[in-house]
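Engineer: So I've got this file, data_6.cif, and it contains mmCIF, C-alpha atoms and all ligand atoms:
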```
data_coords
#
loop_
_atom_site.label_atom_id
_atom_site.label_comp_id
_atom_site.auth_asym_id
_atom_site.auth_seq_id
_atom_site.Cartn_x
_atom_site.Cartn_y
_atom_site.Cartn_z
CA MET A 1 -62.24 197.82 112.88
CA LYS A 2 -64.15 199.52 110.09
CA VAL A 3 -65.97 196.85 108.10
CA ASN A 4 -64.96 198.20 104.72
CA ASN A 5 -61.29 197.84 105.61
CA ILE A 6 -61.54 194.07 105.58
CA HIS A 7 -61.46 191.79 102.56
CA GLY A 8 -64.83 191.62 100.79
CA GLY A 9 -65.71 188.07 101.64
CA ASP A 10 -64.61 188.05 105.25
CA THR A 11 -67.76 186.73 106.84
CA ASP A 12 -65.85 185.58 109.95
CA VAL A 13 -65.02 189.19 110.84
CA VAL A 14 -68.56 190.41 110.09
CA SER A 15 -70.04 187.55 112.10
CA ARG A 16 -67.90 188.44 115.14
CA LEU A 17 -68.49 192.20 114.82
CA TYR A 18 -72.25 192.02 114.40
CA GLY A 19 -72.96 188.88 116.42
CA ILE A 20 -74.61 187.18 113.45
CA ASP A 21 -74.18 183.48 112.81
CA LYS A 22 -71.96 182.96 109.76
CA ALA A 23 -74.54 180.62 108.27
CA ASP A 24 -77.14 183.43 108.38
CA ILE A 25 -75.05 185.84 106.29
CA LYS A 26 -75.79 186.14 102.58
CA ASN A 27 -72.44 187.22 101.24
CA PHE A 28 -73.01 189.72 98.42
CA SER A 29 -69.54 191.04 99.06
CA GLY A 30 -67.26 188.05 98.32
CA ASN A 31 -67.87 187.83 94.53
CA VAL A 32 -67.93 184.03 94.68
CA ASN A 33 -69.93 181.93 92.17
CA PRO A 34 -73.22 181.08 93.94
CA LEU A 35 -73.53 177.74 92.11
CA GLY A 36 -70.87 176.49 94.51
CA LEU A 37 -68.08 173.99 94.07
CA PRO A 38 -68.26 171.90 90.86
CA GLN A 39 -69.58 168.40 91.66
CA SER A 40 -66.58 166.94 89.81
CA VAL A 41 -64.23 168.68 92.28
CA ARG A 42 -66.27 167.54 95.28
CA ASP A 43 -66.09 163.95 93.99
CA ALA A 44 -62.35 164.20 93.33
CA ILE A 45 -61.72 165.25 96.94
CA ILE A 46 -64.01 162.58 98.42
CA ASN A 47 -62.57 159.81 96.26
CA ASN A 48 -58.92 160.75 96.66
CA PRO A 49 -58.19 161.79 100.25
CA ASP A 50 -54.87 159.96 100.09
CA VAL A 51 -53.34 162.49 97.70
CA ILE A 52 -52.22 164.37 100.80
CA THR A 53 -50.06 161.43 101.88
CA GLY A 54 -47.62 162.47 99.16
CA TYR A 55 -46.03 165.74 98.05
CA PRO A 56 -47.53 167.45 95.03
CA ASP A 57 -45.41 167.48 91.85
CA VAL A 58 -42.96 170.29 92.60
CA SER A 59 -43.09 171.33 88.92
CA TYR A 60 -46.90 170.84 88.62
CA VAL A 61 -46.50 169.43 85.11
CA GLU A 62 -50.01 167.94 84.77
CA LEU A 63 -51.72 170.86 86.51
CA ARG A 64 -49.97 173.35 84.24
CA ALA A 65 -50.92 171.25 81.20
CA ALA A 66 -54.59 171.36 82.29
CA ILE A 67 -54.40 175.16 82.70
CA ALA A 68 -52.65 175.49 79.32
CA GLU A 69 -55.48 173.58 77.64
CA TYR A 70 -58.12 175.63 79.53
CA THR A 71 -56.62 179.02 78.68
CA GLY A 72 -55.26 178.21 75.22
CA THR A 73 -51.62 178.90 75.91
CA ASP A 74 -48.40 176.91 76.23
CA SER A 75 -47.80 175.19 79.57
CA GLU A 76 -44.25 176.64 79.58
CA ASN A 77 -45.92 180.06 80.03
CA ILE A 78 -47.70 179.01 83.22
CA ILE A 79 -46.79 179.31 86.87
CA VAL A 80 -49.11 178.19 89.68
CA GLY A 81 -49.47 179.69 93.12
CA ASN A 82 -51.26 179.74 96.46
CA GLY A 83 -54.15 181.82 95.12
CA SER A 84 -53.56 184.60 92.62
CA THR A 85 -52.40 186.54 95.68
CA GLU A 86 -49.10 184.64 95.79
CA LEU A 87 -48.48 185.40 92.12
CA ILE A 88 -49.39 189.09 92.39
CA SER A 89 -46.89 189.29 95.22
CA GLY A 90 -44.27 187.12 93.47
CA PHE A 91 -44.39 189.12 90.25
CA ILE A 92 -44.20 192.47 92.06
CA LYS A 93 -41.26 191.29 94.17
CA THR A 94 -39.51 190.05 91.04
CA VAL A 95 -39.97 193.25 89.06
CA SER A 96 -39.45 195.36 92.19
CA PRO A 97 -40.84 198.52 90.60
CA LYS A 98 -39.53 201.91 91.68
CA LYS A 99 -42.66 203.64 90.46
CA ALA A 100 -45.86 201.92 89.38
CA VAL A 101 -49.14 203.10 87.90
CA ILE A 102 -52.31 201.37 89.09
CA VAL A 103 -55.51 201.92 87.16
CA SER A 104 -57.84 202.89 89.98
CA PRO A 105 -60.19 202.44 91.86
CA ALA A 106 -58.98 198.85 92.06
CA TYR A 107 -58.36 195.92 94.34
CA SER A 108 -56.13 197.15 97.18
CA GLU A 109 -53.51 194.38 97.25
CA TYR A 110 -51.51 195.74 94.30
CA GLN A 111 -50.71 198.99 96.07
CA ARG A 112 -49.98 197.26 99.38
CA GLU A 113 -47.57 194.84 97.71
CA ILE A 114 -45.77 197.51 95.64
CA GLU A 115 -45.29 199.70 98.71
CA LEU A 116 -44.10 196.73 100.80
CA THR A 117 -41.47 196.12 98.12
CA GLY A 118 -40.31 199.72 98.50
CA GLY A 119 -41.89 201.12 95.33
CA SER A 120 -44.09 204.17 95.01
CA VAL A 121 -47.56 204.18 93.45
CA VAL A 122 -49.29 206.63 91.15
CA LEU A 123 -53.02 206.05 90.80
CA PHE A 124 -54.48 206.55 87.34
CA GLU A 125 -58.09 207.57 87.80
CA LEU A 126 -60.92 205.88 85.96
CA GLU A 127 -63.29 208.80 85.61
CA GLU A 128 -66.80 208.56 86.99
CA SER A 129 -67.88 210.90 84.17
CA GLU A 130 -66.61 208.26 81.69
CA ASP A 131 -68.50 205.48 83.54
CA PHE A 132 -65.14 204.20 84.79
CA LYS A 133 -64.12 203.11 81.28
CA LEU A 134 -60.39 203.21 80.69
CA ASN A 135 -59.26 206.10 78.50
CA THR A 136 -56.31 204.65 76.57
CA ASP A 137 -54.88 207.95 75.33
CA LYS A 138 -54.88 209.52 78.79
CA LEU A 139 -53.32 206.39 80.29
CA LYS A 140 -50.51 206.38 77.71
CA LYS A 141 -49.73 209.99 78.61
CA ALA A 142 -49.54 209.02 82.30
CA LEU A 143 -47.00 206.30 81.53
CA THR A 144 -43.97 208.55 81.68
CA SER A 145 -40.35 207.36 81.39
CA ASP A 146 -39.94 206.94 85.17
CA ILE A 147 -42.72 204.30 85.36
CA ASP A 148 -41.64 200.66 85.36
CA LEU A 149 -44.91 198.82 86.09
CA LEU A 150 -48.55 199.23 85.08
CA VAL A 151 -51.32 197.32 86.87
CA ILE A 152 -54.77 196.78 85.39
CA CYS A 153 -57.59 194.66 86.79
CA ASN A 154 -59.81 193.31 83.97
CA PRO A 155 -62.78 193.24 84.44
CA ASN A 156 -62.06 195.74 87.14
CA ASN A 157 -62.91 195.24 90.78
CA PRO A 158 -64.87 197.28 91.99
CA THR A 159 -66.23 199.04 88.88
CA GLY A 160 -66.98 196.02 86.64
CA SER A 161 -65.68 197.99 83.65
CA TYR A 162 -63.33 196.29 81.22
CA VAL A 163 -60.52 196.73 78.71
CA SER A 164 -60.96 195.04 75.31
CA GLU A 165 -58.23 192.86 73.81
CA GLU A 166 -57.68 195.56 71.19
CA GLN A 167 -57.27 198.27 73.84
CA ALA A 168 -54.94 196.03 75.84
CA SER A 169 -52.84 195.45 72.73
CA GLU A 170 -52.45 199.21 72.20
CA ILE A 171 -51.47 199.74 75.85
CA LEU A 172 -49.04 196.79 75.80
CA THR A 173 -47.37 198.05 72.62
CA HIS A 174 -46.78 201.38 74.34
CA CYS A 175 -45.48 199.67 77.50
CA GLU A 176 -43.19 197.30 75.60
CA GLN A 177 -41.69 200.25 73.68
CA ASN A 178 -41.07 202.10 76.93
CA GLY A 179 -39.69 199.18 78.96
CA ILE A 180 -42.73 199.04 81.26
CA TYR A 181 -43.98 195.76 82.72
CA THR A 182 -47.74 195.23 82.76
CA MET A 183 -49.66 193.06 85.18
CA ILE A 184 -53.26 192.30 84.20
CA ASP A 185 -55.38 190.67 86.90
CA GLU A 186 -58.02 188.52 85.18
CA THR A 187 -59.59 187.09 88.35
CA TYR A 188 -63.12 187.82 87.05
CA ILE A 189 -62.56 187.21 83.33
CA GLU A 190 -64.59 183.99 82.97
CA PHE A 191 -67.76 185.81 84.09
CA ALA A 192 -67.65 188.10 81.04
CA ASP A 193 -70.07 187.59 78.15
CA GLU A 194 -68.81 185.13 75.54
CA ASP A 195 -68.99 187.67 72.72
CA VAL A 196 -66.82 190.34 74.37
CA LYS A 197 -63.17 189.58 73.70
CA ILE A 198 -61.38 190.93 76.72
CA SER A 199 -58.75 188.43 77.85
CA ALA A 200 -55.12 189.34 77.24
CA VAL A 201 -54.05 185.66 77.09
CA PRO A 202 -53.89 185.68 73.24
CA LEU A 203 -51.37 188.56 73.57
CA ALA A 204 -49.03 186.77 75.96
CA ASP A 205 -46.67 185.36 73.31
CA LYS A 206 -46.24 188.72 71.63
CA PHE A 207 -45.65 190.83 74.75
CA LYS A 208 -42.84 189.50 76.93
CA LYS A 209 -43.33 192.13 79.63
CA LEU A 210 -46.94 191.09 80.20
CA PHE A 211 -47.86 189.04 83.28
CA ILE A 212 -51.47 187.84 83.62
CA THR A 213 -52.78 186.59 86.95
CA ARG A 214 -55.86 184.47 87.36
CA GLY A 215 -57.52 182.64 90.20
CA THR A 216 -60.00 179.85 90.84
CA SER A 217 -61.49 181.32 94.05
CA LYS A 218 -64.34 183.21 92.40
CA PHE A 219 -65.41 181.29 89.29
CA PHE A 220 -64.92 177.80 90.75
CA ALA A 221 -66.21 178.87 94.18
CA CYS A 222 -63.18 177.71 96.16
CA PRO A 223 -61.42 180.62 97.92
CA GLY A 224 -60.34 178.24 100.68
CA LEU A 225 -58.43 176.04 98.23
CA ARG A 226 -55.93 178.80 97.41
CA LEU A 227 -55.17 178.04 93.78
CA GLY A 228 -54.16 180.65 91.24
CA TYR A 229 -51.97 180.87 88.16
CA GLY A 230 -49.94 183.32 86.17
CA ILE A 231 -49.27 183.50 82.44
CA CYS A 232 -46.13 185.06 80.96
CA SER A 233 -44.05 184.21 77.89
CA ASP A 234 -40.79 185.44 79.43
CA LYS A 235 -39.27 182.23 80.82
CA ASP A 236 -36.81 184.26 82.82
CA ILE A 237 -39.62 186.01 84.76
CA ILE A 238 -41.37 182.68 85.43
CA SER A 239 -38.15 181.15 86.68
CA LYS A 240 -37.31 184.17 88.90
CA ILE A 241 -40.76 184.07 90.55
CA ASN A 242 -40.42 180.31 91.04
CA THR A 243 -37.03 180.80 92.69
CA LYS A 244 -38.50 183.27 95.19
CA LYS A 245 -41.51 181.06 96.02
CA ASP A 246 -41.53 178.32 98.61
CA PRO A 247 -41.73 174.87 96.98
CA TRP A 248 -45.12 173.07 97.05
CA SER A 249 -47.09 176.25 97.85
CA VAL A 250 -49.98 174.63 95.94
CA ASN A 251 -50.96 171.62 98.02
CA SER A 252 -51.98 168.16 96.78
CA PHE A 253 -55.72 168.83 97.11
CA ALA A 254 -55.40 172.04 95.10
CA GLU A 255 -53.31 170.19 92.51
CA LEU A 256 -55.97 167.47 92.23
CA CYS A 257 -58.91 169.93 92.18
CA GLY A 258 -57.21 172.09 89.57
CA LYS A 259 -56.69 169.14 87.23
CA THR A 260 -60.39 168.35 87.65
CA MET A 261 -62.03 171.80 87.44
CA PHE A 262 -60.18 172.99 84.33
CA THR A 263 -61.64 170.11 82.33
CA ASP A 264 -65.21 170.52 83.65
CA THR A 265 -66.68 172.23 80.60
CA GLU A 266 -70.25 171.56 81.78
CA PHE A 267 -69.69 173.59 84.96
CA GLU A 268 -68.10 176.37 82.93
CA LYS A 269 -71.06 176.53 80.51
CA LYS A 270 -73.62 176.37 83.32
CA THR A 271 -71.97 179.20 85.27
CA LYS A 272 -71.60 181.45 82.25
CA ALA A 273 -75.25 180.98 81.24
CA PHE A 274 -76.45 181.52 84.80
CA ILE A 275 -74.39 184.67 85.43
CA THR A 276 -75.31 186.21 82.07
CA GLY A 277 -79.01 185.57 82.74
CA GLU A 278 -79.02 186.99 86.29
CA ARG A 279 -76.81 189.93 85.28
CA ASN A 280 -79.23 190.91 82.51
CA LYS A 281 -82.22 190.52 84.83
CA ILE A 282 -80.69 192.66 87.59
CA LYS A 283 -79.48 195.24 85.10
CA THR A 284 -82.95 195.58 83.55
CA GLU A 285 -84.54 196.04 86.98
CA LEU A 286 -82.02 198.43 88.54
CA SER A 287 -81.68 200.56 85.43
CA LYS A 288 -85.29 201.66 86.02
CA TRP A 289 -84.53 203.10 89.44
CA LYS A 290 -84.41 206.87 89.72
CA ASN A 291 -82.22 207.21 92.80
CA ILE A 292 -79.17 205.22 91.71
CA LYS A 293 -76.76 205.12 88.82
CA LEU A 294 -75.91 201.54 87.89
CA TYR A 295 -72.62 200.93 86.09
CA ASP A 296 -72.32 198.43 83.28
CA THR A 297 -70.38 195.33 84.27
CA GLN A 298 -68.73 192.34 82.67
CA SER A 299 -68.20 190.68 86.00
CA ASN A 300 -70.36 188.85 88.53
CA PHE A 301 -70.84 192.01 90.60
CA PHE A 302 -72.42 195.44 90.17
CA LEU A 303 -71.34 198.86 91.36
CA PHE A 304 -73.94 201.56 91.82
CA LYS A 305 -73.97 205.14 93.03
CA LEU A 306 -76.67 206.58 95.24
CA LEU A 307 -78.09 209.73 93.73
CA ARG A 308 -79.71 210.78 97.01
CA ASP A 309 -77.59 212.82 99.36
CA ASP A 310 -79.66 212.15 102.48
CA ILE A 311 -78.37 208.58 102.77
CA THR A 312 -74.86 207.10 102.68
CA SER A 313 -73.41 203.77 101.62
CA SER A 314 -72.45 202.96 105.20
CA GLN A 315 -76.03 203.57 106.40
CA ILE A 316 -77.26 201.18 103.72
CA PHE A 317 -74.62 198.64 104.73
CA GLU A 318 -75.73 198.84 108.37
CA ASN A 319 -79.37 198.58 107.43
CA LEU A 320 -78.80 195.48 105.27
CA ILE A 321 -76.44 193.62 107.58
CA ARG A 322 -79.12 193.60 110.29
CA ASP A 323 -81.05 191.34 107.90
CA GLY A 324 -77.94 189.24 107.24
CA LEU A 325 -77.36 190.81 103.81
CA LEU A 326 -73.66 191.64 103.43
CA VAL A 327 -72.87 194.09 100.63
CA ARG A 328 -69.63 195.98 99.99
CA ASP A 329 -69.71 199.58 101.17
CA ALA A 330 -67.30 200.81 98.48
CA SER A 331 -66.56 204.18 100.08
CA ASP A 332 -62.97 203.25 101.00
CA PHE A 333 -61.89 202.66 97.39
CA PRO A 334 -59.92 205.59 95.96
CA TYR A 335 -62.09 208.06 94.04
CA LEU A 336 -65.35 206.51 95.29
CA GLY A 337 -67.13 208.34 98.04
CA GLU A 338 -69.84 207.78 100.60
CA SER A 339 -72.39 206.85 97.94
CA PHE A 340 -70.97 203.76 96.25
CA ILE A 341 -72.06 200.17 96.86
CA ARG A 342 -70.90 196.94 95.25
CA PHE A 343 -72.82 193.69 95.40
CA CYS A 344 -72.34 190.37 93.64
CA ILE A 345 -74.78 188.01 91.98
CA LEU A 346 -76.04 185.22 94.23
CA LEU A 347 -78.89 182.74 93.65
CA PRO A 348 -82.11 184.24 92.21
CA GLU A 349 -84.10 184.13 95.48
CA ASP A 350 -81.25 185.87 97.35
CA ASN A 351 -80.88 188.48 94.62
CA SER A 352 -84.61 189.21 94.79
CA ARG A 353 -84.41 189.56 98.58
CA LEU A 354 -81.57 192.07 98.31
CA ILE A 355 -83.21 194.01 95.49
CA ASN A 356 -86.54 194.28 97.33
CA LYS A 357 -84.80 195.48 100.46
CA LEU A 358 -82.69 197.99 98.51
CA TYR A 359 -85.82 199.22 96.73
CA ASN A 360 -87.53 199.88 100.06
CA ILE A 361 -84.51 201.80 101.34
CA ILE A 362 -83.60 203.77 98.24
CA GLU A 363 -86.59 204.15 95.95
CA LYS A 364 -89.68 204.22 98.18
C1 LIG B 1 -59.27 191.53 91.71
C2 LIG B 1 -58.84 190.45 92.64
N1 LIG B 1 -57.65 189.86 92.46
C3 LIG B 1 -57.22 188.89 93.29
C4 LIG B 1 -57.98 188.47 94.37
C5 LIG B 1 -57.44 187.40 95.27
O1 LIG B 1 -57.80 186.16 94.76
P1 LIG B 1 -57.18 184.77 95.21
O2 LIG B 1 -58.17 184.15 96.12
O3 LIG B 1 -57.01 184.01 93.92
O4 LIG B 1 -55.86 185.00 95.87
C6 LIG B 1 -59.23 189.06 94.60
C7 LIG B 1 -60.05 188.68 95.76
O5 LIG B 1 -61.03 189.27 96.10
C8 LIG B 1 -59.67 190.07 93.70
O6 LIG B 1 -60.87 190.68 93.86
#
```
Could I get this file's structure written as structure tokens?

Structural biologist:
Amino acid sequence: MKVNNIHGGDTDVVSRLYGIDKADIKNFSGNVNPLGLPQSVRDAIINNPDVITGYPDVSYVELRAAIAEYTGTDSENIIVGNGSTELISGFIKTVSPKKAVIVSPAYSEYQREIELTGGSVVLFELEESEDFKLNTDKLKKALTSDIDLLVICNPNNPTGSYVSEEQASEILTHCEQNGIYTMIDETYIEFADEDVKISAVPLADKFKKLFITRGTSKFFACPGLRLGYGICSDKDIISKINTKKDPWSVNSFAELCGKTMFTDTEFEKKTKAFITGERNKIKTELSKWKNIKLYDTQSNFFLFKLLRDDITSSQIFENLIRDGLLVRDASDFPYLGESFIRFCILLPEDNSRLINKLYNIIEK
């Protein structure tokens, strides 16, 4: 199996393939908050093991209320799922698009799910020459009358580029007028700087064909919990997705942890301050390098392009993994070639280790 065909954070596969102990891998590929699980969530699990002796609330009333408060929307607009993955899949199955546009390069699950549902996919290219920033006018032209779904990841995985609320509003107006559903994946939104307004949640009431998906795996460092949520003001869509889903797909631990994490404002503040600080530090350092182009990011990961043609991203991957440093060789994403690498922000000492090693490989 080629390593870049597996999900970013799959340290089990890497450990088996390379014979490295999982504990010795520094995962710069999984995009998970390095501060780890909030202490409040850890305490909730330890103090309440008996929650699993009962079923979770099948309607998740309290969990949805906590998410509503956290995101600033109405709890009627919220649906919860087994990771954002279940909601991406549930929404796509519900809309069952014949032809969808995915703003690309992007996370691969959207395309897989649309094609599994029998739809066809048109990729809309984020241009390298435009630093992967979305060109609204060009996108609107690509949204022809035969398109019934648009998918945007914001901030985008793997480029880190983003769409502002204003830009999203313009795109959504166009989509609404043309009967096109829009799914915006905001998995990485909480890592963005406080002063950039990029979430589409404030637009949810106005645009009925908008479905926003969000997760807890990355920001709250709990991919194993499998808790995600969707936001949509069309009650009919929410109810159709719920009908297709198995009941209780969010288990009692996830229900409990969700109610806890969404009220942990201290953890939220600490993570945002930490990520902003490290992101600025790494950006300042890597922007000085001559042999890479670093792309601006509003997420907890960076994408860069090697400007040397005597070395490839897969060679760098191989070189780093021997030291237990797992980065994402991004060459399998559409439109990115053999020279793109993505890595996420970990703790300062780990980031320094990676940067020193990269410097020795690329700049020296
Ligand atoms: C953009 C994006 N969306 C969704 C997911 C899946 O997240 P979850 O764990 O919430 O299912 C990922 C995981 O890497 C991702 O990068």

Engineer: Would you be able to write out as number ranges by chain which residues have an atom within 8 Å of (-82.5, 207.8, 94.3) in the file's coordinates, counting only C-alpha atoms?

Structural biologist: A: 289-292, 306-308, 362-363

Engineer: Please build the interface table for region 98-200 of chain A against region 318-340 of chain A with a cut-off of 9 Å, listing for each qualifying residue the nearest atom pair and the distance in Å to one decimal; count only C-alpha atoms, order rows by chain and increasing number, and write it as CSV.

Structural biologist:
```
residue,atom,partner,partner_atom,distance
A:Ser104,CA,A:Pro334,CA,6.9
A:Pro105,CA,A:Pro334,CA,5.2
A:Ala106,CA,A:Phe333,CA,7.2
A:Tyr107,CA,A:Phe333,CA,8.2
A:Ser108,CA,A:Phe333,CA,8.0
A:Leu123,CA,A:Pro334,CA,8.6
A:Glu125,CA,A:Tyr335,CA,7.4
A:Leu126,CA,A:Tyr335,CA,8.5
A:Glu127,CA,A:Tyr335,CA,8.5
A:Glu128,CA,A:Tyr335,CA,8.5
A:Pro158,CA,A:Ala330,CA,7.8
```

Engineer: Could you please determine the separation between CA of Gly215 (chain A) and CA of Ser199 (chain A) in Å, to one decimal place?

Structural biologist: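 It comes out at 13.7 Å.
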
Engineer: What's around Gln111 (chain A) at 12 Å? Count only C-alpha atoms, leave out sequence neighbours fewer than 6 positions away in its own chain, and write the answer as an NGL selection string.

Structural biologist: :A and (88-89 or 92 or 97 or 99-105 or 117-123 or 149-152 or 333-334)

Engineer: Which residues are near ligand LIG 1 (chain B) - at most 8 Å, using all atoms listed in the file? Format: as number ranges by chain.

Structural biologist: A: 7-9, 30-31, 82-86, 88, 106-107, 109, 153-154, 156-158, 185-188, 214-218, 223-224, 226-228

Engineer: Would you save the residues from that selection as a PDB file, in the coordinates of the input, using C-alpha atoms?

Structural biologist:
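Result file is part_9.pdb:
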```pdb
ATOM      1  CA  HIS A   7     -61.460 191.790 102.560  1.00  0.00           C
ATOM      2  CA  GLY A   8     -64.830 191.620 100.790  1.00  0.00           C
ATOM      3  CA  GLY A   9     -65.710 188.070 101.640  1.00  0.00           C
ATOM      4  CA  GLY A  30     -67.260 188.050  98.320  1.00  0.00           C
ATOM      5  CA  ASN A  31     -67.870 187.830  94.530  1.00  0.00           C
ATOM      6  CA  ASN A  82     -51.260 179.740  96.460  1.00  0.00           C
ATOM      7  CA  GLY A  83     -54.150 181.820  95.120  1.00  0.00           C
ATOM      8  CA  SER A  84     -53.560 184.600  92.620  1.00  0.00           C
ATOM      9  CA  THR A  85     -52.400 186.540  95.680  1.00  0.00           C
ATOM     10  CA  GLU A  86     -49.100 184.640  95.790  1.00  0.00           C
ATOM     11  CA  ILE A  88     -49.390 189.090  92.390  1.00  0.00           C
ATOM     12  CA  ALA A 106     -58.980 198.850  92.060  1.00  0.00           C
ATOM     13  CA  TYR A 107     -58.360 195.920  94.340  1.00  0.00           C
ATOM     14  CA  GLU A 109     -53.510 194.380  97.250  1.00  0.00           C
ATOM     15  CA  CYS A 153     -57.590 194.660  86.790  1.00  0.00           C
ATOM     16  CA  ASN A 154     -59.810 193.310  83.970  1.00  0.00           C
ATOM     17  CA  ASN A 156     -62.060 195.740  87.140  1.00  0.00           C
ATOM     18  CA  ASN A 157     -62.910 195.240  90.780  1.00  0.00           C
ATOM     19  CA  PRO A 158     -64.870 197.280  91.990  1.00  0.00           C
ATOM     20  CA  ASP A 185     -55.380 190.670  86.900  1.00  0.00           C
ATOM     21  CA  GLU A 186     -58.020 188.520  85.180  1.00  0.00           C
ATOM     22  CA  THR A 187     -59.590 187.090  88.350  1.00  0.00           C
ATOM     23  CA  TYR A 188     -63.120 187.820  87.050  1.00  0.00           C
ATOM     24  CA  ARG A 214     -55.860 184.470  87.360  1.00  0.00           C
ATOM     25  CA  GLY A 215     -57.520 182.640  90.200  1.00  0.00           C
ATOM     26  CA  THR A 216     -60.000 179.850  90.840  1.00  0.00           C
ATOM     27  CA  SER A 217     -61.490 181.320  94.050  1.00  0.00           C
ATOM     28  CA  LYS A 218     -64.340 183.210  92.400  1.00  0.00           C
ATOM     29  CA  PRO A 223     -61.420 180.620  97.920  1.00  0.00           C
ATOM     30  CA  GLY A 224     -60.340 178.240 100.680  1.00  0.00           C
ATOM     31  CA  ARG A 226     -55.930 178.800  97.410  1.00  0.00           C
ATOM     32  CA  LEU A 227     -55.170 178.040  93.780  1.00  0.00           C
ATOM     33  CA  GLY A 228     -54.160 180.650  91.240  1.00  0.00           C
TER      34      GLY A 228
END
```

Engineer: Just the number, please: distance in Å from CA of Lys244 (chain A) to CA of Pro155 (chain A), one decimal.

Structural biologist: 28.4 Å

Engineer: I'd like to know which of A:Val80, A:Ile45, A:Ala23, A:Leu37 is closest to Pro247 (chain A), using only C-alpha atoms.

Structural biologist: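 The closest residue to Pro247 (chain A) is A:Val80.
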
Engineer: So, with only C-alpha atoms as the atoms that count, which of A:Ser233, A:Gln298, A:Thr263, A:Gln315 lies closest to Asn280 (chain A)?

Structural biologist: A:Gln298

Engineer: Find the spatial neighbours of Ser145 (chain A), counting all atoms listed in the file, within a cut-off of 12 Å - ignore same-chain residues fewer than 3 positions away - and output them as a list in words.

Structural biologist: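 Near neighbours after the sequence-gap exclusion: Lys98, Lys99, Ala100, Val101, Lys140, Lys141, Ala142, Asp148, Leu149, His174, Cys175, Glu176, Gln177, Asn178, Gly179 and Ile180 of chain A.
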
Engineer: With only C-alpha atoms as the basis for distance, which of A:Asp236, A:Glu194, A:Glu255, A:Asp296 is at the shortest distance from Glu268 (chain A)?

Structural biologist: A:Glu194

Engineer: Go ahead and compute the interatomic distance for CA of Lys22 (chain A) and CA of Asp10 (chain A), in Å to one decimal.

Structural biologist: 10.0 Å

Engineer: Go through A:Ser29, A:Thr265, A:Ser164, A:Ser59 and flag the residue nearest Val250 (chain A), using all atoms listed in the file for the distances.

Structural biologist: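 Of A:Ser29, A:Thr265, A:Ser164, A:Ser59, the one nearest Val250 (chain A) is A:Ser59, counting all atoms listed in the file.
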
Engineer: Using the file's own x, y and z axes, so that the box edges lie along x, y and z, what centre and edge lengths in Å (one decimal) does a box around every listed atom of region 68-81 of chain A get when 3 Å is added on each side? Give it as AutoDock Vina command-line options.

Structural biologist:
```
--center_x -51.2 --center_y 176.8 --center_z 84.2 --size_x 19.9 --size_y 12.5 --size_z 23.9
```

Engineer: Rank A:Phe304, A:Phe91, A:Phe220, A:Phe132 by their smallest atom-to-atom distance to Cys232 (chain A), using all atoms listed in the file, and report the top residue only.

Structural biologist: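 Answer, going by the shortest atom-to-atom distance: A:Phe91.
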
Engineer: So which one's closest to Thr94 (chain A), A:Ile238, A:Ile355, A:Leu210, A:Ala44? Using all atoms listed in the file, please.

Structural biologist: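 When distances to Thr94 (chain A) are compared using all atoms listed in the file, the smallest one comes from A:Ile238.
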
Engineer: Contacts of Asp234 (chain A) at 10 Å or less, counting only C-alpha atoms, minus same-chain residues fewer than 6 places along, as a list of chain:residue names?

Structural biologist: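 Result of the neighbour search: A:Glu76, A:Asn77, A:Ala204, A:Asp205, A:Phe207, A:Lys208, A:Lys209, A:Leu210, A:Phe211.
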
Engineer: Go ahead and write the residues just picked, C-alpha atoms, as a PDB file, in the coordinates of the input.

Structural biologist:
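File written: again-v4.pdb
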```pdb
ATOM      1  CA  GLU A  76     -44.250 176.640  79.580  1.00  0.00           C
ATOM      2  CA  ASN A  77     -45.920 180.060  80.030  1.00  0.00           C
ATOM      3  CA  ALA A 204     -49.030 186.770  75.960  1.00  0.00           C
ATOM      4  CA  ASP A 205     -46.670 185.360  73.310  1.00  0.00           C
ATOM      5  CA  PHE A 207     -45.650 190.830  74.750  1.00  0.00           C
ATOM      6  CA  LYS A 208     -42.840 189.500  76.930  1.00  0.00           C
ATOM      7  CA  LYS A 209     -43.330 192.130  79.630  1.00  0.00           C
ATOM      8  CA  LEU A 210     -46.940 191.090  80.200  1.00  0.00           C
ATOM      9  CA  PHE A 211     -47.860 189.040  83.280  1.00  0.00           C
TER      10      PHE A 211
END
```
